[in-house]
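All remarks here apply to the structure that follows.
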Amino acid sequence: MSMVSFMPWCRIEKTYDIGEIQILTFQRHKPIEGIDNAMQCRLNTILATYKTIEGKPVDRATLVRYRGKSLLDDLNDDERETIHELVALACFCGLARREYFNSLGPYCNSECFALYIQKFDRADFTAIATRRREGQTLSGWPIDDIAITVPVHCQTVREARLDEVLLKALVTHRTKFEETEWGRWQNAISCFNQANTDSETMRFQVEWVLFCSAFEHLLNAKSEAKDVAARFSERLVPSSPILAKDAKRRSDRWIESDQPLRYEWMREFYRIRGDFAHGNLRLSQPFVWQPLEHIVLAAIAFPLLVRSLLASVGRYSLSDNDRAQINSFEALADEEFLRDEEDRSSNLSIWSSLVSDSRLALATQRAVESLEARGFFQDEEKNGSAEGKKQIDDAESGV
């Protein structure tokens, strides 16, 4: 039997090499390099069973090729498992590149990366495997009788863009790490992906537990709110922390006033997780952040934590945007940002404004340090020099 691996709801902008696999774009009327006409027709026929919300065959999708094999070669169990693992990394790097509070920015969800590995004998007859609790059911279907429709929350995603630098760093990390240590990272990333489906059938309490598991595994922390919060605050460090005692948001439960606000946020987030994990689906404990605020903060924080941990072992270099987001995280947590978004007249969201201001501060600091290194501030005359003033003005204006 032949086999094809693909993501019918995923539209990517380019080909990516990811360890042992390659993911590449499929466009119904565009030839694929290295594929003959007969194979192209078979792919077109198989993917025609996957429909848009209007009931038309998907015109764009993503194909997965295992290294050294063609797109239609049969795969063994280990090869299929590797494909699932590496597609999960691609999914995470799509989620990590999302822009929040910006309807025009890049956005995706994890169900866009739903992976199908489909067996077929002839292009007009296919085998579909469906899970059962005790195993699976394999059934054969004529191609013309099949119609699988895109989930509504995937239909609205125009294109998935991956953070390619982060993806390369994770693939390198996977090859250099011991298997047990990489397994911990793999579990954390998998939990994060599952918490970001955007599906209406996924309760936020389940997402909450998955988010907390992601942080706990990644940080190699104890299953205790204080330990997860301490490790999180130690590894995601802004240039100017906001202490809990100085925050606008306050709680009588914050007895350690010298702790940073990010510590108190994570401690509350993980503490509430205990109720959900033990079957209590109602918020019975006092809380500072609303449930959706917690979920949004977790979605922003986890990819930043991954980047920071990779940077700490020399496998990733934090960009200015990474640093700006890290520096802005506590400021966002200190705002009632969801309620305030409804009242804003500016095109920039609170999050975008905070990150933009932080990027400007970083650029200004870099310009000043450059001037100092070149001796512009050695005396008052150079302090006020036209060239020095111009460089600072350029930095402040974003040049």
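Every chain in the structure tokens takes a letter, A first, then B, and so on in the order presented; its residues are numbered from 1, and the ligands are numbered from 1 following the presented order.
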
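Of the residues in range 206-244 of chain A, those that DSSP places in helix (DSSP H, G or I) on the basis of the backbone are Val206, Glu207, Trp208, Val209, Leu210, Phe211, Cys212, Ser213, Ala214, Phe215, Glu216, His217, Leu218, Leu219, Ala225, Lys226, Asp227, Val228, Ala229, Ala230, Arg231, Phe232, Ser233, Glu234, Arg235 and Ala244 of chain A.
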
### Task
Could you give me, as a PyMOL selection string, the residues within 10 Å of His173 in chain A, counting only C-alpha atoms and dropping anything in the same chain fewer than 2 positions from it?
chain A and resi 167-171+175-178+182+185+310+313-316

Save out the residues we just selected, C-alpha atoms, as an mmCIF file, in the first residue's frame.
data_model
loop_
_atom_site.group_PDB
_atom_site.id
_atom_site.type_symbol
_atom_site.label_atom_id
_atom_site.label_comp_id
_atom_site.auth_asym_id
_atom_site.auth_seq_id
_atom_site.Cartn_x
_atom_site.Cartn_y
_atom_site.Cartn_z
ATOM 1 C CA LEU A 167 12.373 25.984 14.789
ATOM 2 C CA LYS A 168 16.032 25.447 13.879
ATOM 3 C CA ALA A 169 17.040 25.983 17.511
ATOM 4 C CA LEU A 170 14.534 23.373 18.717
ATOM 5 C CA VAL A 171 15.643 20.822 16.115
ATOM 6 C CA THR A 175 19.584 16.278 18.530
ATOM 7 C CA LYS A 176 21.941 17.476 21.297
ATOM 8 C CA PHE A 177 19.790 16.682 24.331
ATOM 9 C CA GLU A 178 19.732 13.351 26.146
ATOM 10 C CA TRP A 182 14.264 15.956 25.375
ATOM 11 C CA TRP A 185 10.617 19.234 26.469
ATOM 12 C CA LEU A 310 17.294 27.887 24.631
ATOM 13 C CA VAL A 313 22.339 27.069 26.681
ATOM 14 C CA GLY A 314 23.579 28.949 23.617
ATOM 15 C CA ARG A 315 21.174 27.483 21.063
ATOM 16 C CA TYR A 316 19.148 30.618 20.417
#

### Task
For Asn193 in chain A, work out the shell of residues within 9 Å, counting only C-alpha atoms and skipping chain neighbours fewer than 2 positions away, then give it as a PyMOL selection string.
chain A and resi 88+91-92+95+109-111+188-191+195-197+210-211

### Task
Just the residues within 9 Å of Ser308 in chain A, please, counting only C-alpha atoms, with nothing from its chain fewer than 6 positions along; format it as a list in words.
Arg235, Leu236, Val237, Tyr316, Ser317, Leu318 and Asp322 of chain A

### Task
Excluding Pro286 in chain A and residues on its chain fewer than 6 positions from it, collect all residues at most 10 Å away from it, counting only C-alpha atoms, and give them as an NGL selection string.
:A and (251-253 or 268 or 272)

### Task
Show which residues sit within 12 Å of range 295-300 of chain A, as a PyMOL selection string. Count only C-alpha atoms, and ignore same-chain residues fewer than 5 positions away.
chain A and resi 92+95-101+109+189+191-198+203-215+232+236+262+265-266+268-270+273+289-290+305-307+322+325-326+328-338+351

### Message
Calculated over only C-alpha atoms, which of the candidates A:Ser2, A:Pro291, A:Ala61, A:Gly55 has the smallest distance to Arg28 in chain A?
### Response
A:Ala61

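Nearest to Lys245 in chain A of all the residues A:Ala38, A:Leu75, A:Met3, A:Leu261 is A:Leu261, counting only C-alpha atoms.
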
### Query
Just how far from CA of Thr49 in chain A is CA of Asp144 in chain A, in Å to one decimal?
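Pair CA of Asp144 in chain A / CA of Thr49 in chain A returns 7.6 Å.
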
### Task
Select, from A:Arg184, A:Arg359, A:Arg60, A:Lys248, the residue with the minimum atom-to-atom distance to Lys14 in chain A, counting only C-alpha atoms.
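Distance minimum relative to Lys14 in chain A lands on A:Arg60.
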
### Task
Write out as a list in words each polymer residue whose atoms come within 12 Å of Asn76 in chain A, counting only C-alpha atoms; drop sequence neighbours fewer than 3 positions from it.
Met1, Ser2, Met3, Tyr66, Lys69, Asp73, Glu79, Arg80, Glu81, Thr82, Ile83, Ile117 and Lys119 of chain A

### Query
Which one is closest to Trp9 in chain A: A:Arg250, A:Arg131, A:Lys30, A:His153? Count only C-alpha atoms.
A:His153

### Which of range 68-212 of chain A DSSP labels strand (DSSP E or B), written as an MDAnalysis selection string
chainID A and resid 116:122 125:132 135:142 148:149 160
